[in-house]
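Notes follow once the structure below has been shown.
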Amino acid sequence: MTEPIASSVWTRPRPEPRRRAPGVDQYVAAALAVADAEGLAAVSMRRVAGDLGSGTASLYRYITNRDELVDLMIDAAQGEDPLPESTADWRTDLGAVAHGMRTTLLRHPWLAGELTGRPALGPNSLRRSESALRAAVALTPDITQAARALTAVHAYVLGSVAAQQSSRRAEQRTGLTEEQWQHSVGPYITEVIAAGKHPMLARRVLEAEDLDPDTEFAFGLNCVLDGLAARLAH
C-alpha cells in the first residue's frame, strides 16, 4: 500500500490568527531574529513561541514542526528584497542575481547552509528562481546550460560568502579584529619571510594590496561571468 504524501506547508490552508494572538508571519519573524542572532540551532518551536509570549500549542496550530518553520524562514528571507528588474543584458542581470543573493546571505548567516541541498519551494523562492533563470536564458537559450550557468554563479556566491562569514566567526571566537590578529602574528610571519623558503608568500605579504570584501567579490564574479561568456555566449 502506498504511503500517503504528507501535506506541504505551501499547500495547506493557513488558519486566521485568533484575536490578539501571533500569526504565522509573527512567528517566522521571531524565528528569523533568533537565527540571525544566535544561529539556526537556537531556533525551536518552544523558543519562538516563548519569545512572542505565546504557548507552544498555539504555534503548532499554524506550523506542524520545526522543519516547516525553517522552510517558512527561508522563504521569508528570500522575499525581503525586490527582484532585480531585467535589463535584457545577461551579464548585468546575472550580476544582479549574484549581488542580491550575497546581500541576503550576509544578512542571514545561517541561510547559506540551507540553500545547498534540496531547492526551496516557497512562493518567494520560486519567484527568485524564475527571475534568475530568465537572466541565465538570456546568455544561452539551452535551458540545461542556463541552469548549469546559474549553478556556477550560485556556487561562487556561496563560496565567497562562506569565506567572509568564516572571517567574522574567527573574529567573534578570538575577540581580535582582522587588524589585531595580523599584528599578533606579525613577528612569526616576519620570521617566515626572512627564512626565504616561501618567496611567493613573501611577495603576497609585502607587495600585494589588501582589498575589501566587496571589491574581491566583484573581481571573482567578473571572472565567473567571463568564463561563462567564453563557453556559452553566442
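Labeling convention for the C-alpha cells: chains A, B, ... as they appear, residues from 1 per chain, ligands from 1 in order of appearance.
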
Need to verify the contact set: range 88-103 of chain A, 7 Å, only C-alpha atoms, exclusion of same-chain residues closer than 5 positions in sequence. Can you return it as a compact mmCIF listing (two decimals) with all heavy atoms, in the first residue's frame?
# COMPACT_ATOMS: atom_id res chain seq x y z
N ALA A 132 16.02 34.44 -11.81
CA ALA A 132 17.42 34.09 -12.08
C ALA A 132 17.55 33.27 -13.36
O ALA A 132 18.48 33.47 -14.15
CB ALA A 132 17.99 33.32 -10.89
N ALA A 135 17.40 35.40 -16.40
CA ALA A 135 18.68 36.07 -16.65
C ALA A 135 19.65 35.12 -17.34
O ALA A 135 20.37 35.51 -18.27
CB ALA A 135 19.27 36.57 -15.33
N ALA A 136 19.67 33.86 -16.90
CA ALA A 136 20.61 32.90 -17.49
C ALA A 136 20.21 32.51 -18.91
O ALA A 136 21.08 32.27 -19.76
CB ALA A 136 20.68 31.65 -16.61
N ALA A 138 19.02 34.40 -21.06
CA ALA A 138 19.49 35.46 -21.96
C ALA A 138 20.93 35.21 -22.40
O ALA A 138 21.36 35.73 -23.43
CB ALA A 138 19.39 36.83 -21.27
N LEU A 139 21.65 34.42 -21.63
CA LEU A 139 23.01 34.02 -22.01
C LEU A 139 22.98 32.89 -23.02
O LEU A 139 23.70 32.90 -24.02
CB LEU A 139 23.80 33.60 -20.77
CG LEU A 139 25.11 32.83 -20.97
CD1 LEU A 139 26.12 33.71 -21.71
CD2 LEU A 139 25.67 32.38 -19.62
N VAL A 153 27.22 30.31 -10.89
CA VAL A 153 27.16 31.61 -10.23
C VAL A 153 26.81 31.43 -8.76
O VAL A 153 27.43 32.04 -7.87
CB VAL A 153 26.13 32.52 -10.93
CG1 VAL A 153 25.89 33.80 -10.12
CG2 VAL A 153 26.60 32.88 -12.33
N HIS A 154 25.82 30.60 -8.47
CA HIS A 154 25.42 30.35 -7.08
C HIS A 154 26.58 29.75 -6.28
O HIS A 154 26.79 30.12 -5.12
CB HIS A 154 24.23 29.41 -7.05
CG HIS A 154 22.92 30.08 -7.38
ND1 HIS A 154 21.73 29.41 -7.44
CD2 HIS A 154 22.63 31.38 -7.66
CE1 HIS A 154 20.76 30.26 -7.74
NE2 HIS A 154 21.29 31.45 -7.89
N VAL A 157 28.98 32.48 -5.33
CA VAL A 157 28.45 33.34 -4.27
C VAL A 157 28.53 32.62 -2.92
O VAL A 157 28.97 33.20 -1.92
CB VAL A 157 27.00 33.75 -4.57
CG1 VAL A 157 26.43 34.57 -3.41
CG2 VAL A 157 26.93 34.56 -5.86
N VAL A 161 30.77 34.03 0.16
CA VAL A 161 30.11 34.39 1.41
C VAL A 161 30.64 33.53 2.56
O VAL A 161 30.84 34.01 3.68
CB VAL A 161 28.59 34.26 1.27
CG1 VAL A 161 27.90 34.36 2.63
CG2 VAL A 161 28.05 35.35 0.35
N LEU A 225 31.76 35.25 -14.76
CA LEU A 225 30.96 35.68 -15.92
C LEU A 225 31.79 35.65 -17.20
O LEU A 225 31.27 35.30 -18.27
CB LEU A 225 30.39 37.08 -15.67
CG LEU A 225 29.43 37.20 -14.48
CD1 LEU A 225 28.95 38.63 -14.33
CD2 LEU A 225 28.24 36.24 -14.63

Select from range 100-207 of chain A every residue with an atom at most 12 Å from any atom of range 66-78 of chain A, then for each give the shortest pair of atoms and their distance in Å to one decimal, using only C-alpha atoms, rows by chain and rising number, as CSV.
residue,atom,partner,partner_atom,distance
A:Gly100,CA,A:Gln78,CA,9.7
A:Met101,CA,A:Gln78,CA,8.6
A:Arg102,CA,A:Gln78,CA,11.4
A:Thr103,CA,A:Gln78,CA,10.6
A:Thr104,CA,A:Ala77,CA,7.0
A:Leu105,CA,A:Ala77,CA,8.9
A:Leu106,CA,A:Ala77,CA,11.2
A:Arg107,CA,A:Ala77,CA,8.9
A:His108,CA,A:Ala77,CA,7.7
A:Pro109,CA,A:Ala77,CA,11.1
A:Trp110,CA,A:Ile74,CA,9.7
A:Leu111,CA,A:Ile74,CA,7.0
A:Ala112,CA,A:Ile74,CA,9.9
A:Gly113,CA,A:Ile74,CA,10.7
A:Glu114,CA,A:Ile74,CA,7.7
A:Leu115,CA,A:Ile74,CA,8.5
A:Arg118,CA,A:Asp71,CA,11.0
A:Pro119,CA,A:Asp71,CA,10.4
A:Ala120,CA,A:Asp71,CA,7.3
A:Leu121,CA,A:Asp75,CA,7.9
A:Gly122,CA,A:Asp75,CA,5.5
A:Pro123,CA,A:Asp75,CA,7.1
A:Asn124,CA,A:Asp75,CA,5.6
A:Ser125,CA,A:Asp75,CA,5.7
A:Leu126,CA,A:Asp75,CA,9.0
A:Arg127,CA,A:Gln78,CA,9.2
A:Arg128,CA,A:Gln78,CA,7.4
A:Ser129,CA,A:Gln78,CA,10.0

Can you pull out every residue from range 63-174 of chain A that DSSP, working from the backbone, puts in alpha helix (DSSP H), and format the result as a compact mmCIF listing (two decimals) with C-alpha atoms, in the first residue's frame?
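New file selection24.txt:
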# COMPACT_ATOMS: atom_id res chain seq x y z
CA ARG A 66 10.44 22.82 13.11
CA ASP A 67 11.21 21.74 9.54
CA GLU A 68 8.18 23.65 8.31
CA LEU A 69 9.23 26.65 10.36
CA VAL A 70 12.67 26.61 8.71
CA ASP A 71 11.04 26.38 5.27
CA LEU A 72 8.97 29.45 6.10
CA MET A 73 12.07 31.27 7.37
CA ILE A 74 13.97 30.54 4.16
CA ASP A 75 11.13 31.83 2.04
CA ALA A 76 10.66 34.94 4.16
CA ALA A 77 14.38 35.74 3.79
CA GLN A 78 14.13 35.22 0.02
CA TRP A 90 22.59 38.65 -19.43
CA ARG A 91 25.80 39.82 -17.79
CA THR A 92 24.13 42.70 -15.96
CA ASP A 93 21.21 40.54 -14.92
CA LEU A 94 23.27 37.57 -13.72
CA GLY A 95 25.48 40.02 -11.85
CA ALA A 96 22.39 41.43 -10.14
CA VAL A 97 21.31 37.89 -9.21
CA ALA A 98 24.71 37.24 -7.63
CA HIS A 99 24.84 40.53 -5.72
CA GLY A 100 21.28 40.09 -4.47
CA MET A 101 22.00 36.57 -3.27
CA ARG A 102 25.13 37.73 -1.48
CA THR A 103 23.24 40.54 0.27
CA THR A 104 20.63 38.10 1.56
CA LEU A 105 23.20 35.55 2.74
CA LEU A 106 25.27 38.14 4.58
CA ARG A 107 22.12 39.43 6.29
CA PRO A 123 6.48 31.38 -3.33
CA ASN A 124 9.27 33.91 -2.80
CA SER A 125 11.94 31.31 -3.56
CA LEU A 126 10.13 30.23 -6.73
CA ARG A 127 9.84 33.83 -7.95
CA ARG A 128 13.52 34.40 -7.28
CA SER A 129 14.48 31.20 -9.11
CA GLU A 130 12.30 32.16 -12.08
CA SER A 131 13.93 35.59 -12.27
CA ALA A 132 17.42 34.09 -12.08
CA LEU A 133 16.69 31.54 -14.80
CA ARG A 134 15.37 34.27 -17.08
CA ALA A 135 18.68 36.07 -16.65
CA ALA A 136 20.61 32.90 -17.49
CA VAL A 137 18.46 32.11 -20.54
CA ILE A 143 17.74 25.59 -20.52
CA THR A 144 20.14 22.87 -19.34
CA GLN A 145 23.14 25.07 -20.00
CA ALA A 146 21.36 28.06 -18.49
CA ALA A 147 20.67 26.09 -15.31
CA ARG A 148 24.32 24.99 -15.19
CA ALA A 149 25.47 28.57 -15.61
CA LEU A 150 23.22 29.66 -12.77
CA THR A 151 24.58 26.83 -10.61
CA ALA A 152 28.11 28.07 -11.25
CA VAL A 153 27.16 31.61 -10.23
CA HIS A 154 25.42 30.35 -7.08
CA ALA A 155 28.42 28.20 -6.18
CA TYR A 156 30.72 31.20 -6.45
CA VAL A 157 28.45 33.34 -4.27
CA LEU A 158 28.14 30.61 -1.63
CA GLY A 159 31.91 30.12 -1.53
CA SER A 160 32.66 33.81 -1.32
CA VAL A 161 30.11 34.39 1.41
CA ALA A 162 31.37 31.35 3.35
CA ALA A 163 34.89 32.80 3.38
CA GLN A 164 33.64 36.18 4.57
CA GLN A 165 31.49 34.62 7.28
CA SER A 166 34.39 32.44 8.40
CA SER A 167 36.43 35.57 8.98
CA ARG A 168 33.58 37.01 11.05
CA ARG A 169 33.36 33.85 13.15
CA ALA A 170 37.10 33.90 13.77
CA GLU A 171 36.82 37.48 14.99
CA GLN A 172 33.98 36.53 17.32
CA ARG A 173 35.80 33.43 18.58
CA THR A 174 39.12 35.13 19.28

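Closest approach to Ser58 in chain A among A:Glu80, A:Glu85, A:Glu207, A:Glu16 is made by A:Glu16 (distances from only C-alpha atoms).
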
Spatial neighbours of Pro22 in chain A, 12 Å, only C-alpha atoms, chain gap at least 5 places, as a JSON list (two decimals) with C-alpha atoms, in the first residue's frame:
[["chain", "number", "residue", "atom", "x", "y", "z"],
["A", 15, "PRO", "CA", -5.57, 29.49, 9.66],
["A", 16, "GLU", "CA", -6.55, 33.00, 10.61],
["A", 17, "PRO", "CA", -4.86, 34.15, 13.82],
["A", 27, "TYR", "CA", 6.25, 33.53, 14.41],
["A", 28, "VAL", "CA", 8.50, 33.46, 11.34],
["A", 29, "ALA", "CA", 9.86, 36.94, 12.08],
["A", 30, "ALA", "CA", 10.66, 35.88, 15.65],
["A", 48, "VAL", "CA", 9.93, 31.03, 19.19],
["A", 49, "ALA", "CA", 6.59, 30.74, 20.95],
["A", 50, "GLY", "CA", 8.14, 31.90, 24.21],
["A", 51, "ASP", "CA", 9.73, 34.94, 22.60],
["A", 52, "LEU", "CA", 6.27, 36.05, 21.50],
["A", 53, "GLY", "CA", 4.66, 35.26, 24.84],
["A", 54, "SER", "CA", 2.63, 32.52, 23.22],
["A", 55, "GLY", "CA", 2.07, 28.90, 24.15],
["A", 56, "THR", "CA", 3.78, 26.29, 22.01],
["A", 58, "SER", "CA", -0.64, 27.99, 19.57],
["A", 59, "LEU", "CA", 2.39, 27.82, 17.27],
["A", 60, "TYR", "CA", 1.59, 24.21, 16.33],
["A", 61, "ARG", "CA", -1.83, 25.40, 15.21],
["A", 62, "TYR", "CA", -0.13, 27.11, 12.27]]

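Going from CA of Thr140 in chain A to CA of Gly227 in chain A covers 13.5 Å.
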
Task: Atom pair CA of Met45 in chain A / CA of Thr64 in chain A: separation (Å) - done: 9.7 Å

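Atom pair CA of Pro13 in chain A / CA of Asp25 in chain A: separated by 14.2 Å.
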